[in-house]
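Source file: data.pdb; contents: PDB, C-alpha atoms.
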ATOM      1  CA  MET F   1      90.949 135.098  84.937
ATOM      2  CA  ASN F   2      92.008 138.235  86.811
ATOM      3  CA  ASN F   3      94.476 138.400  89.707
ATOM      4  CA  GLU F   4      91.798 137.862  92.349
ATOM      5  CA  GLN F   5      90.564 134.737  90.583
ATOM      6  CA  HIS F   6      94.136 133.470  90.265
ATOM      7  CA  LEU F   7      94.612 134.046  93.988
ATOM      8  CA  GLN F   8      91.432 132.185  94.916
ATOM      9  CA  LEU F   9      92.436 129.281  92.686
ATOM     10  CA  ALA F  10      95.880 129.139  94.299
ATOM     11  CA  ILE F  11      94.318 129.164  97.775
ATOM     12  CA  ARG F  12      92.027 126.303  96.821
ATOM     13  CA  ALA F  13      94.922 124.340  95.336
ATOM     14  CA  ALA F  14      97.017 124.840  98.490
ATOM     15  CA  LEU F  15      94.203 123.745 100.817
ATOM     16  CA  LEU F  16      93.429 120.653  98.740
ATOM     17  CA  ALA F  17      97.114 119.758  98.581
ATOM     18  CA  GLY F  18      97.329 120.191 102.349
ATOM     19  CA  ASP F  19      94.511 117.663 102.777
ATOM     20  CA  GLU F  20      96.518 115.097 100.825
ATOM     21  CA  VAL F  21      99.684 115.917 102.756
ATOM     22  CA  MET F  22      97.944 115.376 106.100
ATOM     23  CA  LYS F  23      96.647 111.972 104.992
ATOM     24  CA  ILE F  24     100.261 110.852 104.601
ATOM     25  CA  TYR F  25     101.495 112.732 107.680
ATOM     26  CA  GLU F  26      99.179 110.684 109.885
ATOM     27  CA  THR F  27     100.544 107.355 108.633
ATOM     28  CA  ASP F  28     103.807 105.446 109.007
ATOM     29  CA  PHE F  29     105.092 106.830 105.713
ATOM     30  CA  MET F  30     108.240 105.829 103.823
ATOM     31  CA  VAL F  31     111.029 108.303 103.053
ATOM     32  CA  ASP F  32     112.955 108.234  99.775
ATOM     33  CA  PHE F  33     115.943 110.377  98.868
ATOM     34  CA  LYS F  34     116.703 112.392  95.744
ATOM     35  CA  ASP F  35     120.060 112.600  93.995
ATOM     36  CA  ASP F  36     120.983 115.583  96.191
ATOM     37  CA  HIS F  37     120.171 113.485  99.302
ATOM     38  CA  SER F  38     117.147 115.615 100.210
ATOM     39  CA  PRO F  39     114.139 113.633 101.480
ATOM     40  CA  LEU F  40     111.061 112.849  99.387
ATOM     41  CA  THR F  41     107.770 111.324 100.527
ATOM     42  CA  GLU F  42     104.458 110.308  99.006
ATOM     43  CA  ALA F  43     103.079 113.571 100.403
ATOM     44  CA  ASP F  44     105.332 115.573  98.042
ATOM     45  CA  ARG F  45     104.126 113.565  95.064
ATOM     46  CA  ARG F  46     100.426 113.719  95.908
ATOM     47  CA  ALA F  47     100.508 117.442  96.677
ATOM     48  CA  HIS F  48     102.281 118.115  93.384
ATOM     49  CA  ASP F  49      99.609 116.210  91.452
ATOM     50  CA  VAL F  50      96.732 118.017  93.176
ATOM     51  CA  ILE F  51      98.226 121.471  92.647
ATOM     52  CA  SER F  52      99.115 120.786  89.020
ATOM     53  CA  ARG F  53      95.553 119.689  88.243
ATOM     54  CA  GLN F  54      94.040 122.752  89.904
ATOM     55  CA  LEU F  55      96.375 125.283  88.289
ATOM     56  CA  ALA F  56      95.943 123.737  84.826
ATOM     57  CA  ALA F  57      92.765 125.797  84.468
ATOM     58  CA  THR F  58      94.873 128.952  84.022
ATOM     59  CA  GLY F  59      96.879 127.609  81.102
ATOM     60  CA  PHE F  60     100.109 128.857  82.714
ATOM     61  CA  PRO F  61     103.030 126.421  83.004
ATOM     62  CA  VAL F  62     103.886 125.086  86.460
ATOM     63  CA  LEU F  63     107.471 124.997  87.711
ATOM     64  CA  SER F  64     107.348 122.651  90.700
ATOM     65  CA  GLU F  65     110.095 121.184  92.835
ATOM     66  CA  GLU F  66     108.621 117.758  92.160
ATOM     67  CA  GLY F  67     107.876 118.342  88.470
ATOM     68  CA  LYS F  68     109.928 118.143  85.302
ATOM     69  CA  HIS F  69     112.358 121.046  84.978
ATOM     70  CA  LEU F  70     112.552 122.094  81.356
ATOM     71  CA  PRO F  71     115.721 123.694  79.944
ATOM     72  CA  TYR F  72     115.910 127.486  80.153
ATOM     73  CA  GLU F  73     115.677 127.794  76.361
ATOM     74  CA  GLN F  74     112.058 126.655  76.712
ATOM     75  CA  ARG F  75     111.260 128.343  80.019
ATOM     76  CA  ASP F  76     112.601 131.657  78.749
ATOM     77  CA  LYS F  77     109.487 132.019  76.587
ATOM     78  CA  TRP F  78     107.162 131.871  79.616
ATOM     79  CA  LYS F  79     105.680 135.290  80.415
ATOM     80  CA  MET F  80     103.496 133.961  83.242
ATOM     81  CA  LEU F  81     104.086 130.833  85.300
ATOM     82  CA  TRP F  82     103.353 129.219  88.630
ATOM     83  CA  ILE F  83     106.211 128.289  90.945
ATOM     84  CA  VAL F  84     105.255 125.598  93.438
ATOM     85  CA  ASP F  85     106.755 123.764  96.376
ATOM     86  CA  PRO F  86     104.222 121.026  97.174
ATOM     87  CA  VAL F  87     105.786 120.388 100.592
ATOM     88  CA  ASP F  88     108.286 123.016 101.686
ATOM     89  CA  GLY F  89     110.225 121.674 104.640
ATOM     90  CA  THR F  90     110.143 117.960 103.945
ATOM     91  CA  LYS F  91     112.826 117.541 106.635
ATOM     92  CA  GLU F  92     110.386 119.052 109.139
ATOM     93  CA  PHE F  93     107.624 116.827 107.745
ATOM     94  CA  VAL F  94     109.791 113.759 108.362
ATOM     95  CA  LYS F  95     110.591 114.987 111.894
ATOM     96  CA  ARG F  96     106.829 115.447 112.450
ATOM     97  CA  ASN F  97     107.255 118.863 114.053
ATOM     98  CA  GLY F  98     104.485 120.448 111.964
ATOM     99  CA  GLU F  99     106.710 123.172 110.473
ATOM    100  CA  PHE F 100     106.125 122.461 106.793
ATOM    101  CA  THR F 101     104.044 124.328 104.242
ATOM    102  CA  VAL F 102     102.486 124.264 100.791
ATOM    103  CA  ASN F 103     103.816 127.132  98.651
ATOM    104  CA  ILE F 104     102.277 128.521  95.454
ATOM    105  CA  ALA F 105     103.335 131.698  93.629
ATOM    106  CA  LEU F 106     102.310 133.337  90.376
ATOM    107  CA  ILE F 107     105.210 134.900  88.466
ATOM    108  CA  LYS F 108     104.826 137.667  85.895
ATOM    109  CA  GLY F 109     107.973 138.316  83.925
ATOM    110  CA  GLN F 110     110.458 137.402  86.627
ATOM    111  CA  ALA F 111     108.623 138.933  89.604
ATOM    112  CA  PRO F 112     106.281 137.174  92.054
ATOM    113  CA  VAL F 113     102.887 138.882  91.974
ATOM    114  CA  LEU F 114     100.761 136.498  94.060
ATOM    115  CA  GLY F 115     101.705 134.157  96.859
ATOM    116  CA  VAL F 116      99.943 131.555  98.997
ATOM    117  CA  ILE F 117     101.496 129.650 101.903
ATOM    118  CA  TRP F 118      99.442 127.070 103.802
ATOM    119  CA  CYS F 119     100.605 125.380 107.002
ATOM    120  CA  PRO F 120      98.198 122.440 107.323
ATOM    121  CA  VAL F 121      99.172 121.388 110.865
ATOM    122  CA  ALA F 122      98.717 124.852 112.393
ATOM    123  CA  ARG F 123      95.909 125.551 109.867
ATOM    124  CA  GLN F 124      97.397 128.962 109.140
ATOM    125  CA  LEU F 125      96.948 130.463 105.685
ATOM    126  CA  TYR F 126      99.023 133.365 104.373
ATOM    127  CA  PHE F 127      98.353 135.051 101.048
ATOM    128  CA  GLY F 128      99.255 138.284  99.328
ATOM    129  CA  ASN F 129      99.162 140.310  96.134
ATOM    130  CA  SER F 130     102.395 142.260  95.717
ATOM    131  CA  GLN F 131     100.811 144.487  93.055
ATOM    132  CA  THR F 132      97.937 145.731  95.239
ATOM    133  CA  LYS F 133     100.079 145.609  98.412
ATOM    134  CA  GLU F 134      97.547 143.498 100.292
ATOM    135  CA  ALA F 135      98.634 140.584 102.477
ATOM    136  CA  TYR F 136      96.635 138.554 104.979
ATOM    137  CA  ARG F 137      96.867 135.770 107.538
ATOM    138  CA  CYS F 138      93.948 133.482 108.357
ATOM    139  CA  GLN F 139      93.653 131.030 111.215
ATOM    140  CA  LEU F 140      91.263 128.520 109.696
ATOM    141  CA  GLY F 141      88.929 126.626 111.993
ATOM    142  CA  SER F 142      88.241 122.970 111.323
ATOM    143  CA  HIS F 143      84.906 123.945 109.713
ATOM    144  CA  LEU F 144      86.642 125.839 106.886
ATOM    145  CA  SER F 145      88.013 124.108 103.810
ATOM    146  CA  ALA F 146      88.758 124.562 100.119
ATOM    147  CA  ASP F 147      85.049 124.162  99.400
ATOM    148  CA  ASN F 148      84.067 127.277 101.348
ATOM    149  CA  PRO F 149      83.399 130.431  99.327
ATOM    150  CA  PRO F 150      86.183 133.062  99.322
ATOM    151  CA  GLU F 151      84.204 135.456 101.522
ATOM    152  CA  MET F 152      84.255 132.930 104.397
ATOM    153  CA  LEU F 153      88.037 132.754 104.246
ATOM    154  CA  ARG F 154      88.256 136.544 104.028
ATOM    155  CA  ALA F 155      86.086 136.839 107.142
ATOM    156  CA  CYS F 156      88.875 135.395 109.297
ATOM    157  CA  ALA F 157      91.645 137.395 107.602
ATOM    158  CA  GLU F 158      94.026 139.712 109.463
ATOM    159  CA  ARG F 159      95.804 142.354 107.392
ATOM    160  CA  LEU F 160      99.597 142.091 107.449
ATOM    161  CA  PRO F 161     101.798 143.273 108.984
ATOM    162  CA  LEU F 162     100.231 142.834 112.417
ATOM    163  CA  PRO F 163     100.824 145.399 115.194
ATOM    164  CA  GLN F 164     103.963 144.656 117.227
ATOM    165  CA  ASN F 165     105.245 146.005 120.546
ATOM    166  CA  ARG F 166     108.801 144.989 121.390
ATOM    167  CA  SER F 167     112.188 146.547 122.075
ATOM    168  CA  THR F 168     114.341 143.755 120.659
ATOM    169  CA  THR F 169     115.419 143.036 117.093
ATOM    170  CA  VAL F 170     113.986 139.636 116.179
ATOM    171  CA  VAL F 171     115.986 137.571 113.700
ATOM    172  CA  ALA F 172     114.345 134.596 112.007
ATOM    173  CA  THR F 173     116.685 131.652 111.603
ATOM    174  CA  SER F 174     116.407 128.283 109.925
ATOM    175  CA  ARG F 175     115.489 125.235 111.950
ATOM    176  CA  SER F 176     117.857 123.075 109.871
ATOM    177  CA  HIS F 177     120.386 125.435 108.212
ATOM    178  CA  LEU F 178     122.317 127.934 110.374
ATOM    179  CA  THR F 179     125.620 128.596 108.580
ATOM    180  CA  ASN F 180     128.742 130.360 109.836
ATOM    181  CA  ASP F 181     128.048 133.237 107.431
ATOM    182  CA  THR F 182     124.554 133.620 108.879
ATOM    183  CA  GLN F 183     125.979 133.666 112.404
ATOM    184  CA  LEU F 184     128.439 136.417 111.405
ATOM    185  CA  PHE F 185     125.527 138.447 109.980
ATOM    186  CA  ILE F 186     123.633 138.031 113.257
ATOM    187  CA  ASN F 187     126.721 139.074 115.255
ATOM    188  CA  LYS F 188     126.833 142.348 113.304
ATOM    189  CA  ILE F 189     123.201 143.034 114.149
ATOM    190  CA  LYS F 190     123.942 142.437 117.825
ATOM    191  CA  MET F 191     126.325 145.406 117.981
ATOM    192  CA  GLY F 192     124.579 147.775 120.353
ATOM    193  CA  LYS F 193     121.223 145.984 120.064
ATOM    194  CA  GLU F 194     119.296 143.395 121.980
ATOM    195  CA  VAL F 195     118.666 140.540 119.559
ATOM    196  CA  GLU F 196     116.255 137.633 119.841
ATOM    197  CA  LEU F 197     116.527 134.569 117.590
ATOM    198  CA  LEU F 198     113.434 132.671 116.472
ATOM    199  CA  SER F 199     113.939 129.361 114.639
ATOM    200  CA  ARG F 200     111.314 128.000 112.278
ATOM    201  CA  GLY F 201     111.232 125.427 109.515
ATOM    202  CA  SER F 202     110.279 125.897 105.853
ATOM    203  CA  SER F 203     108.820 129.185 104.581
ATOM    204  CA  LEU F 204     107.314 129.940 107.986
ATOM    205  CA  LYS F 205     110.334 132.202 108.467
ATOM    206  CA  LEU F 206     109.163 134.295 105.517
ATOM    207  CA  CYS F 207     105.655 134.364 106.992
ATOM    208  CA  MET F 208     107.136 135.703 110.240
ATOM    209  CA  ILE F 209     108.706 138.552 108.271
ATOM    210  CA  ALA F 210     105.460 139.320 106.438
ATOM    211  CA  GLU F 211     103.416 139.472 109.636
ATOM    212  CA  GLY F 212     106.081 141.423 111.531
ATOM    213  CA  ALA F 213     106.778 138.710 114.115
ATOM    214  CA  ALA F 214     110.428 138.887 112.981
ATOM    215  CA  ASP F 215     112.355 141.912 111.713
ATOM    216  CA  VAL F 216     114.962 140.277 109.495
ATOM    217  CA  TYR F 217     115.720 136.871 108.013
ATOM    218  CA  PRO F 218     119.220 136.389 106.586
ATOM    219  CA  ARG F 219     119.493 133.355 104.338
ATOM    220  CA  LEU F 220     123.187 133.008 103.553
ATOM    221  CA  ALA F 221     122.868 129.446 102.353
ATOM    222  CA  PRO F 222     121.438 127.709  99.269
ATOM    223  CA  THR F 223     117.724 127.819  98.442
ATOM    224  CA  SER F 224     115.751 127.230  95.273
ATOM    225  CA  GLU F 225     113.158 129.402  93.579
ATOM    226  CA  TRP F 226     110.217 127.305  94.837
ATOM    227  CA  ASP F 227     111.410 127.838  98.423
ATOM    228  CA  THR F 228     110.994 131.620  98.254
ATOM    229  CA  ALA F 229     108.649 132.783  95.479
ATOM    230  CA  ALA F 230     105.396 132.627  97.464
ATOM    231  CA  GLY F 231     107.002 134.109 100.556
ATOM    232  CA  GLN F 232     108.513 136.998  98.608
ATOM    233  CA  ALA F 233     105.131 137.869  97.084
ATOM    234  CA  ILE F 234     103.536 137.935 100.539
ATOM    235  CA  ILE F 235     106.384 139.910 102.137
ATOM    236  CA  GLU F 236     106.293 142.538  99.389
ATOM    237  CA  ALA F 237     102.497 142.712  99.625
ATOM    238  CA  ALA F 238     102.908 143.406 103.356
ATOM    239  CA  GLY F 239     105.362 146.246 102.680
ATOM    240  CA  GLY F 240     108.576 144.336 103.362
ATOM    241  CA  ARG F 241     111.607 143.653 101.188
ATOM    242  CA  MET F 242     113.434 140.517 100.075
ATOM    243  CA  LEU F 243     116.794 141.374  98.549
ATOM    244  CA  ASP F 244     119.770 139.688  96.945
ATOM    245  CA  TYR F 245     122.545 139.907  99.554
ATOM    246  CA  ALA F 246     125.131 141.043  96.988
ATOM    247  CA  THR F 247     123.154 143.394  94.723
ATOM    248  CA  ARG F 248     120.442 144.594  97.145
ATOM    249  CA  LYS F 249     117.886 144.077  94.400
ATOM    250  CA  PRO F 250     114.743 141.920  94.693
ATOM    251  CA  LEU F 251     115.124 138.238  93.861
ATOM    252  CA  VAL F 252     114.000 137.284  90.370
ATOM    253  CA  TYR F 253     112.563 134.005  89.122
ATOM    254  CA  ASN F 254     112.573 131.572  86.212
ATOM    255  CA  LYS F 255     116.304 132.125  85.844
ATOM    256  CA  PRO F 256     118.664 129.856  83.894
ATOM    257  CA  ASP F 257     119.855 128.574  87.284
ATOM    258  CA  LEU F 258     116.920 127.794  89.585
ATOM    259  CA  LEU F 259     119.058 128.259  92.690
ATOM    260  CA  ASN F 260     118.665 131.568  94.532
ATOM    261  CA  PRO F 261     121.529 133.827  95.533
ATOM    262  CA  TRP F 262     121.994 134.565  99.219
ATOM    263  CA  PHE F 263     119.278 136.940 100.370
ATOM    264  CA  VAL F 264     117.999 138.962 103.314
ATOM    265  CA  ALA F 265     114.287 139.517 104.000
ATOM    266  CA  PHE F 266     113.108 142.549 105.977
ATOM    267  CA  ALA F 267     109.772 143.268 107.605
ATOM    268  CA  LYS F 268     108.033 146.540 106.776
ATOM    269  CA  ASP F 269     110.110 149.598 107.753
ATOM    270  CA  LYS F 270     112.914 147.457 109.244
ATOM    271  CA  MET F 271     115.543 147.623 106.522
ATOM    272  CA  GLN F 272     117.048 150.902 107.708
ATOM    273  CA  SER F 273     117.391 149.673 111.297
ATOM    274  CA  VAL F 274     119.408 146.562 110.408
ATOM    275  CA  ASN F 275     123.085 146.549 109.409
ATOM    276  CA  PHE F 276     122.809 144.898 105.974
ATOM    277  CA  ARG F 277     126.513 144.281 105.484
TER
END

For the file at hand, write its structure as structure tokens.
Amino acid sequence: MNNEQHLQLAIRAALLAGDEVMKIYETDFMVDFKDDHSPLTEADRRAHDVISRQLAATGFPVLSEEGKHLPYEQRDKWKMLWIVDPVDGTKEFVKRNGEFTVNIALIKGQAPVLGVIWCPVARQLYFGNSQTKEAYRCQLGSHLSADNPPEMLRACAERLPLPQNRSTTVVATSRSHLTNDTQLFINKIKMGKEVELLSRGSSLKLCMIAEGAADVYPRLAPTSEWDTAAGQAIIEAAGGRMLDYATRKPLVYNKPDLLNPWFVAFAKDKMQSVNFR
């Protein structure tokens, strides 16, 4: 398979997983809790199974939030892998506010090269290839599904970033995690600028950066690799940046520790206009 075929497979896997997620979403589902007290539902499990089956055709290993996490001594040998969050924003899923997504990224070396994010409630699909610098958003009508040929999905695609016309600096913030450090970062941005805060759940904040609806997203709180890999691929494909807060270098993946460092994501051409430190 080439990159385009990998991308189409990832899109299909995300849409099929979203179908399973919505079946659970529309029921009186049960909520379990992991060892770290984060919520887990049947939707997470079903989406993981669907995605794993679809991506098996590539022969690349799958590193999923809901899968088995092998020790780094084994993962270190992986040159290509998928990083998956079957339901990103399970807290939002449980709250039934619709702000959850299915995230799939293809990693080459330690860099995300393809990303797909599907929001099944809003029926918005984001995808990008960070190597060709092409990123798109699709608003899928109810008549479109995973069984439609790729050209039908492409027909509704808008190239990212989208045109914007505003005088304010828009900061994306987490719906569930706004730390004191993040607030201090926002206060620095406010110096001499009119700032607008937009709160979203899950990786929708990263989608806002990719499309240009937000200028900057500071995440000065814990995240894991599956939370960000797909979003980083799409942001970079759209011309933006997603940088380690301390080193100012792009985030890397399949590390010994699967937790991310603090990071800041910037929309295209916005990094120079925001006080990073």

For the structure provided, state which residues fall under the PyMOL selection byres ((chain F and resi 144-153) around 7), and present them as a compact mmCIF listing (two decimals) with C-alpha atoms, keeping the file's coordinate frame.
# COMPACT_ATOMS: atom_id res chain seq x y z
CA GLN F 8 91.43 132.18 94.92
CA ARG F 12 92.03 126.30 96.82
CA LEU F 15 94.20 123.74 100.82
CA LEU F 16 93.43 120.65 98.74
CA LEU F 140 91.26 128.52 109.70
CA GLY F 141 88.93 126.63 111.99
CA SER F 142 88.24 122.97 111.32
CA HIS F 143 84.91 123.94 109.71
CA ARG F 154 88.26 136.54 104.03
CA ALA F 155 86.09 136.84 107.14
CA CYS F 156 88.88 135.40 109.30
CA ALA F 157 91.64 137.40 107.60

6 Å contact set for region 74-90 of chain F, all atoms listed in the file, chain neighbours under 4 positions out, as an mmCIF file with C-alpha atoms, in the frame of the given file:
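Output below, filename result_32.cif:
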data_model
loop_
_atom_site.group_PDB
_atom_site.id
_atom_site.type_symbol
_atom_site.label_atom_id
_atom_site.label_comp_id
_atom_site.auth_asym_id
_atom_site.auth_seq_id
_atom_site.Cartn_x
_atom_site.Cartn_y
_atom_site.Cartn_z
ATOM 1 C CA ASP F 44 105.332 115.573 98.042
ATOM 2 C CA ALA F 47 100.508 117.442 96.677
ATOM 3 C CA HIS F 48 102.281 118.115 93.384
ATOM 4 C CA PHE F 60 100.109 128.857 82.714
ATOM 5 C CA PRO F 61 103.030 126.421 83.004
ATOM 6 C CA VAL F 62 103.886 125.086 86.460
ATOM 7 C CA LEU F 63 107.471 124.997 87.711
ATOM 8 C CA SER F 64 107.348 122.651 90.700
ATOM 9 C CA GLU F 65 110.095 121.184 92.835
ATOM 10 C CA PHE F 100 106.125 122.461 106.793
ATOM 11 C CA THR F 101 104.044 124.328 104.242
ATOM 12 C CA VAL F 102 102.486 124.264 100.791
ATOM 13 C CA ASN F 103 103.816 127.132 98.651
ATOM 14 C CA ILE F 104 102.277 128.521 95.454
ATOM 15 C CA ALA F 105 103.335 131.698 93.629
ATOM 16 C CA LEU F 106 102.310 133.337 90.376
ATOM 17 C CA ILE F 107 105.210 134.900 88.466
ATOM 18 C CA LYS F 108 104.826 137.667 85.895
ATOM 19 C CA GLY F 109 107.973 138.316 83.925
ATOM 20 C CA SER F 202 110.279 125.897 105.853
ATOM 21 C CA TRP F 226 110.217 127.305 94.837
#

- Message: Counting only C-alpha atoms, which residues sit no farther than 12 Å from the position (112.8, 128.3, 116.9) in the file's frame? I'd like them as number ranges by chain.
- Response: F: 97, 99, 170-178, 196-202, 204-205, 208, 214

Take the residues from that selection and write them out as a short mmCIF file (atom, residue, chain, number, x, y, z; two decimals), in the frame of the given file, keeping C-alpha atoms.
data_model
loop_
_atom_site.label_atom_id
_atom_site.label_comp_id
_atom_site.auth_asym_id
_atom_site.auth_seq_id
_atom_site.Cartn_x
_atom_site.Cartn_y
_atom_site.Cartn_z
CA ASN F 97 107.26 118.86 114.05
CA GLU F 99 106.71 123.17 110.47
CA VAL F 170 113.99 139.64 116.18
CA VAL F 171 115.99 137.57 113.70
CA ALA F 172 114.34 134.60 112.01
CA THR F 173 116.68 131.65 111.60
CA SER F 174 116.41 128.28 109.92
CA ARG F 175 115.49 125.24 111.95
CA SER F 176 117.86 123.08 109.87
CA HIS F 177 120.39 125.44 108.21
CA LEU F 178 122.32 127.93 110.37
CA GLU F 196 116.26 137.63 119.84
CA LEU F 197 116.53 134.57 117.59
CA LEU F 198 113.43 132.67 116.47
CA SER F 199 113.94 129.36 114.64
CA ARG F 200 111.31 128.00 112.28
CA GLY F 201 111.23 125.43 109.52
CA SER F 202 110.28 125.90 105.85
CA LEU F 204 107.31 129.94 107.99
CA LYS F 205 110.33 132.20 108.47
CA MET F 208 107.14 135.70 110.24
CA ALA F 214 110.43 138.89 112.98
#

Determine, counting only C-alpha atoms, which protein, DNA and RNA residues have an atom within 8 Å of an atom of Ala237 (chain F); residues of the same chain fewer than 6 positions away are not included. Present the result as a PDB file with C-alpha atoms, in the coordinates of the input.
ATOM      1  CA  GLY F 128      99.255 138.284  99.328  1.00  0.00           C
ATOM      2  CA  ASN F 129      99.162 140.310  96.134  1.00  0.00           C
ATOM      3  CA  SER F 130     102.395 142.260  95.717  1.00  0.00           C
ATOM      4  CA  GLN F 131     100.811 144.487  93.055  1.00  0.00           C
ATOM      5  CA  THR F 132      97.937 145.731  95.239  1.00  0.00           C
ATOM      6  CA  LYS F 133     100.079 145.609  98.412  1.00  0.00           C
ATOM      7  CA  GLU F 134      97.547 143.498 100.292  1.00  0.00           C
ATOM      8  CA  ALA F 135      98.634 140.584 102.477  1.00  0.00           C
TER       9      ALA F 135
END

Answer key for the PyMOL selection byres ((chain F and resi 23-28) around 10), residues as a tab-separated table (two decimals) with C-alpha atoms, in the coordinates of the input:
chain	number	residue	atom	x	y	z
F	18	GLY	CA	97.33	120.19	102.35
F	19	ASP	CA	94.51	117.66	102.78
F	20	GLU	CA	96.52	115.10	100.82
F	21	VAL	CA	99.68	115.92	102.76
F	22	MET	CA	97.94	115.38	106.10
F	29	PHE	CA	105.09	106.83	105.71
F	30	MET	CA	108.24	105.83	103.82
F	31	VAL	CA	111.03	108.30	103.05
F	41	THR	CA	107.77	111.32	100.53
F	42	GLU	CA	104.46	110.31	99.01
F	43	ALA	CA	103.08	113.57	100.40
F	44	ASP	CA	105.33	115.57	98.04
F	46	ARG	CA	100.43	113.72	95.91
F	93	PHE	CA	107.62	116.83	107.74
F	94	VAL	CA	109.79	113.76	108.36
F	96	ARG	CA	106.83	115.45	112.45
F	98	GLY	CA	104.48	120.45	111.96
F	121	VAL	CA	99.17	121.39	110.86

- Message: So the first atom is CA of Ala213 (chain F) and the second is CA of Leu251 (chain F); what is the distance between them in Å, to one decimal place?
- Response: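 Taking CA of Ala213 (chain F) as the start and CA of Leu251 (chain F) as the end point, the length is 21.9 Å.
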
- Item | Closest of F:Asn3, F:Thr247, F:Asn180, F:Ser203 to Ile234 (chain F) - atom-to-atom distances counting all atoms listed in the file |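 Using all atoms listed in the file, Ile234 (chain F) sits closest to F:Ser203.
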
- Enter the distance from CA of Leu160 (chain F) to CA of Tyr245 (chain F), in Å, rounded to one decimal. 24.4 Å

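Proximity to Ala265 (chain F) was assessed for F:Asp35, F:Asp227, F:Glu4, F:Asp215 counting only C-alpha atoms; the smallest distance is recorded for F:Asp215.
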
- Which residue gives the smallest distance to Ile117 (chain F) among F:Phe263, F:Asp49, F:Leu7, F:Tyr253, with only C-alpha atoms counted?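 For Ile117 (chain F), the nearest of the candidates is F:Leu7.
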
- Task: State, in Å with one decimal place, the distance from CA of His6 (chain F) to CA of Ala56 (chain F).
- Result: 11.3 Å

- Query: Expanded to explicit residues, what is the PyMOL selection byres ((chain F and resi 257) around 12) for this file, as a VMD selection string?
  - Reply: chain F and resid 69 to 73 75 to 76 223 to 225 252 to 256 258 to 261

- Item | From F:Arg45, F:Arg241, F:Lys268, F:Lys34, residue lying nearest Pro163 (chain F) [all atoms listed in the file] |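 When distances to Pro163 (chain F) are compared using all atoms listed in the file, the smallest one comes from F:Lys268.
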
Some atoms are missing, so please complete region 128-139 of chain F with N, CA and C atoms and return it as a compact mmCIF listing (two decimals), in the frame of the given file.
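Just written: selection.txt:
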# COMPACT_ATOMS: atom_id res chain seq x y z
N GLY F 128 99.02 136.88 99.62
CA GLY F 128 99.26 138.28 99.33
C GLY F 128 99.35 138.55 97.84
N ASN F 129 99.07 139.80 97.50
CA ASN F 129 99.16 140.31 96.13
C ASN F 129 100.15 141.46 96.17
N SER F 130 101.34 141.24 95.63
CA SER F 130 102.40 142.26 95.72
C SER F 130 102.11 143.47 94.83
N GLN F 131 101.17 143.35 93.90
CA GLN F 131 100.81 144.49 93.06
C GLN F 131 99.84 145.44 93.75
N THR F 132 98.89 144.88 94.51
CA THR F 132 97.94 145.73 95.24
C THR F 132 98.41 146.04 96.65
N LYS F 133 99.52 145.41 97.07
CA LYS F 133 100.08 145.61 98.41
C LYS F 133 99.08 145.20 99.49
N GLU F 134 98.45 144.05 99.30
CA GLU F 134 97.55 143.50 100.29
C GLU F 134 98.02 142.10 100.67
N ALA F 135 98.22 141.89 101.98
CA ALA F 135 98.63 140.58 102.48
C ALA F 135 97.82 140.25 103.71
N TYR F 136 97.52 138.97 103.89
CA TYR F 136 96.64 138.55 104.98
C TYR F 136 97.10 137.24 105.59
N ARG F 137 96.71 137.04 106.85
CA ARG F 137 96.87 135.77 107.54
C ARG F 137 95.50 135.33 108.05
N CYS F 138 95.20 134.05 107.86
CA CYS F 138 93.95 133.48 108.36
C CYS F 138 94.25 132.28 109.24
N GLN F 139 93.63 132.23 110.39
CA GLN F 139 93.65 131.03 111.22
C GLN F 139 92.36 130.28 110.93
